[in-house]
Amino acid sequence: MTGPVPGRGIPLGRIAEQLGGTVEGSPDVLVTGVAGIEEAGEGDLTFVANPKYVAALARTRATAVLLAPALERPDGVTAVRVPDPYAAMMMVLRLFDPGPPEVAPGVHATAIVAADVTVPPDGGVGPYVVVERGVVLGAGTRIGAHGFVGEGAALGEACYLHPRVTVARGCRLGNRVVVHSGTVIGADGFGYAPVEGRYHKIPQLGIVDVGDDVEIGANSCIDRATMGATVIGRGTKIDNLVQVAHNARIGRDVAVAAQAGISGSTRVDDGARLGGQAGLVGHIHIGAGATIGAQAGVIGDIPAGETVSGYPARPHRQTLRAEATLRRLPELVKRLRALDPERKSTEEESS
Amino acid sequence: MTGPVPGRGIPLGRIAEQLGGTVEGSPDVLVTGVAGIEEAGEGDLTFVANPKYVAALARTRATAVLLAPALERPDGVTAVRVPDPYAAMMMVLRLFDPGPPEVAPGVHATAIVAADVTVPPDGGVGPYVVVERGVVLGAGTRIGAHGFVGEGAALGEACYLHPRVTVARGCRLGNRVVVHSGTVIGADGFGYAPVEGRYHKIPQLGIVDVGDDVEIGANSCIDRATMGATVIGRGTKIDNLVQVAHNARIGRDVAVAAQAGISGSTRVDDGARLGGQAGLVGHIHIGAGATIGAQAGVIGDIPAGETVSGYPARPHRQTLRAEATLRRLPELVKRLRALDPERKSTEEESS
Amino acid sequence: MTGPVPGRGIPLGRIAEQLGGTVEGSPDVLVTGVAGIEEAGEGDLTFVANPKYVAALARTRATAVLLAPALERPDGVTAVRVPDPYAAMMMVLRLFDPGPPEVAPGVHATAIVAADVTVPPDGGVGPYVVVERGVVLGAGTRIGAHGFVGEGAALGEACYLHPRVTVARGCRLGNRVVVHSGTVIGADGFGYAPVEGRYHKIPQLGIVDVGDDVEIGANSCIDRATMGATVIGRGTKIDNLVQVAHNARIGRDVAVAAQAGISGSTRVDDGARLGGQAGLVGHIHIGAGATIGAQAGVIGDIPAGETVSGYPARPHRQTLRAEATLRRLPELVKRLRALDPERKSTEEESS
């Protein structure tokens, strides 16, 4: 793989210097991209931290490799010795990061921006974007193609909306918020009052309030509050296809994996982590630093620091223990049945 | 919180009158918004129905509170006494409801509307909307920015499509249907005929037929039928990120919570309720008024009125009972094993 | 139901000829559409393969029916005898297939296509589409309204993007790829390095590489790789609201049902099938031809050809057996407890 912005090359020696590593081979080879060991080609830098990949190293087409101290370097392979090749690779990724796709500064000729909205000189509004009246845009904030920012919404500084993001009326984003394509911030919460078998809509008058440094994946939904705000705390990261219902309150530095769902008025405290497809019912409280396993179904409060899994979610150790017992159960039942004095006759009846 | 449309104020006395309540304090204070007790600020009306929030009431910054008859009113707090503060609050929310975001009447200069389509005088087609030939739009129907209505689709009266909704070719919406951002009505059903290990597409020639007063959340998908119609009955409410597959038939006044999935040709009868992330396999029948728990996996018919949960979904009471037994199981097994005459030797072998 | 393109009629005799069937009744009746037996009306062709629908046949309003050899034909019903009515119906559906909605050839006046991009003469770029620089478009490829194709992306021949699809920077689609509305190909993978309780973004520099003849449903997300490529193999079919995380590698002719989720770096081999809402954790391997049940939670490798279900996913037979035991468990426990010599006293204590 060559990086998405081809044609840039960095001498290996310069990379080694930044990593505090030692080159074994020529420091002058040019690195133009990064790749996994199997996929790497001419110009790519790769890494091997695990001894089991040393064999793959002998046949790699990579130009150079970040190599752990203890691993053998095959003949003819150019390497940079670093204490932690994985961590070093993360640093290298940043060197090659072209940043998000460009949104040209200024307002694209086709963007429709209400007369009362000021686009800061270093901000960018892409093609076919619609920005309604009363919207506030912070310095350096960029809105990709087909974006929609509803009346009175406020975006902080250095936000980046990928193409096709909706920020509905009155919602607020902090600084450096990143939102991926297709995500909808501020659709109505799912609130109806049943009267004689029919549902009557409860107006959803609140907003969504997203803190600084939040990133939200693609095609996710964060609903506006009935009253007040649905809150996403500073530094929280949300993956794709996630549902956050009205009046949920997500703390700081929370990680929410893809397709997880958080129901109305539920509170998730700082540093918690939700696995993929996990579901939280409404009006519960997930303590700080709790870990909710993938696909877990949480129907009650979870204490801070607890790790839960399964449905209904229980402490992970309990789930594993119950699961192990369940697997052995048919065999156990068979053996235990032999002890049951009433058993024999029943067996004969049913067979 | 101040409401999304600031600057409007209603004297408290007027609100009390509409609710049939009694003001304790000045009826002249202006209410400009609504909020929960913890978040309320200057101008906000809040409510307390539950005695455990009376303490919070003492320190609220709300301008006034809807208060149940039995609860004590702290000094200096302005209140409206009502029999049911929660129900009263729902009414107040309607007073402050600004309605959906404005779509200006007429056709926006940038909208592309096929020559044979008539936009009713009180209808509205927003910026960058595309409406293809043969489309029928009912009186008062509004289509938000970036909407797409495919060839021959028909929308009834007073529908409201939030920005970025797709209604594909030939699909039909009744009257007063509301659809939130990102939802796709009428993508092809997932139908393939496997022939010698490869999938061959089965053309999806049907439509989606959505009844009156239906509301569909954000980023949901209602697929067109293979033949005939995928049907969403009158008054049904669907949350975000919901999947409704081809030829499913949802009855009237059904509620479907976020991330639930309904497979092909499954029928859900009137008044049923589906919890979040619930999944129904194809070709089954959910009886009228049945309740499907959150995350339930339903693999067979469910009788009318039944409440089910778990995977595979069983009557909720059975799920709870099995679950309770499962929790106690490791302990039980341990004790019962002591009775097993073969046990001792096995124990010694395995340990 | 009449097909989405009304007004076309095919004489029944001509259809029978193509199916190798025999008409019983007039071969001259015109067939204008297809429908299920219950919904069929004037002009529709329907089918009955199952004896239990013969009763419905007597009262159908369909113009003609495809009928299995062994089934009785009610008086007055026009039929075509075919060995396999279901298979025959699939062929008939193709006769009536109007193909995907038209995207006019050439570049719509409102499309924004970078100066260096060549749109092939038989290609089509719809209204309000944005195509960035460096994009390559194959012959016959069409992009529906509001589509977005990012810098340097490459689409093969005869692709069809329904309205509102995002193909982000650098991603590649093979030939004859179909993508439905709202789907996002190439959003950033969910990768962060936690440092002192805060998440630091790991740049996602890879791409998505989609093979020939792939079809992807509506509102799905295929994330770009951290390095290298997230791969969707030739002929694979993906339903709506599916999540495919960074560096996942899906083989050929795989079927992924709605709302399933595949975590990072997981490999799914050729011919596997994933049920709706199934979830796979990261870094595992699903063997060729394996079947993952609906809602299954897979937390480890699955051998080729295996069928698994439940959470955590086990061989389907094991799941059924454990499940059956679990249902009987409360009763068994009750009976077995009677054998426990310590039981009586405990019972008395706790009750």
# chains A, B, ... in the order shown; residues from 1 in each chain; ligands from 1
call {"tool": "interface_residues", "arguments": {"of": "chain A", "to": "chain B", "cutoff": "6 Å", "atoms": "only C-alpha atoms", "output": "number ranges by chain"}}
result
A: 170, 198, 227-228
call {"tool": "residues_around", "arguments": {"residues": "A:Ile202", "least_positions_apart": "4", "cutoff": "7 Å", "atoms": "only C-alpha atoms", "output": "ChimeraX atom specification"}}
result
/A:191-193 /B:90
call {"tool": "residues_around", "arguments": {"residues": "C:Asp269", "least_positions_apart": "5", "cutoff": "7 Å", "atoms": "only C-alpha atoms", "output": "list in words"}}
result
Ile250, Gly251, Ile286, Gly287 and Ala288 of chain C
call {"tool": "residues_around", "arguments": {"residues": "B:Ala68", "least_positions_apart": "5", "cutoff": "10 Å", "atoms": "only C-alpha atoms", "output": "PyMOL selection string"}}
result
chain B and resi 47-51+73+79-86
call {"tool": "write_last_selection", "arguments": {"atoms": "N, CA and C atoms", "output": "tab-separated table (two decimals), in the first residue's frame"}}
result
chain	number	residue	atom	x	y	z
B	47	PHE	N	-40.61	20.64	36.77
B	47	PHE	CA	-41.70	19.94	37.46
B	47	PHE	C	-41.14	18.97	38.48
B	48	VAL	N	-41.91	18.76	39.54
B	48	VAL	CA	-41.55	17.75	40.53
B	48	VAL	C	-42.79	16.92	40.86
B	49	ALA	N	-42.72	15.64	40.50
B	49	ALA	CA	-43.83	14.72	40.78
B	49	ALA	C	-43.45	13.76	41.91
B	50	ASN	N	-42.14	13.58	42.06
B	50	ASN	CA	-41.62	12.56	42.96
B	50	ASN	C	-41.02	13.22	44.21
B	51	PRO	N	-41.45	12.78	45.41
B	51	PRO	CA	-40.97	13.42	46.65
B	51	PRO	C	-39.44	13.47	46.74
B	73	ARG	N	-43.77	23.08	49.31
B	73	ARG	CA	-43.14	24.09	48.47
B	73	ARG	C	-42.11	24.87	49.29
B	79	ALA	N	-44.66	28.24	42.33
B	79	ALA	CA	-45.15	26.93	41.90
B	79	ALA	C	-46.53	27.02	41.28
B	80	VAL	N	-46.83	26.01	40.44
B	80	VAL	CA	-48.20	25.79	39.99
B	80	VAL	C	-48.60	24.41	40.50
B	81	ARG	N	-49.66	24.40	41.32
B	81	ARG	CA	-50.16	23.12	41.83
B	81	ARG	C	-51.01	22.45	40.76
B	82	VAL	N	-50.65	21.23	40.40
B	82	VAL	CA	-51.43	20.46	39.42
B	82	VAL	C	-51.53	19.02	39.94
B	83	PRO	N	-52.61	18.33	39.56
B	83	PRO	CA	-52.77	16.96	40.08
B	83	PRO	C	-51.67	16.02	39.58
B	84	ASP	N	-51.25	16.17	38.30
B	84	ASP	CA	-50.26	15.27	37.73
B	84	ASP	C	-49.18	16.09	37.03
B	85	PRO	N	-48.11	16.44	37.76
B	85	PRO	CA	-47.10	17.34	37.19
B	85	PRO	C	-46.46	16.80	35.90
B	86	TYR	N	-46.31	15.48	35.79
B	86	TYR	CA	-45.69	14.93	34.58
B	86	TYR	C	-46.58	15.15	33.36
call {"tool": "atom_distance", "arguments": {"atom1": "atom CA of A:Gly189", "atom2": "atom CA of A:Ala158"}}
result
27.9 Å
call {"tool": "atom_distance", "arguments": {"atom1": "atom CA of B:His285", "atom2": "atom CA of B:Ser263"}}
result
11.0 Å
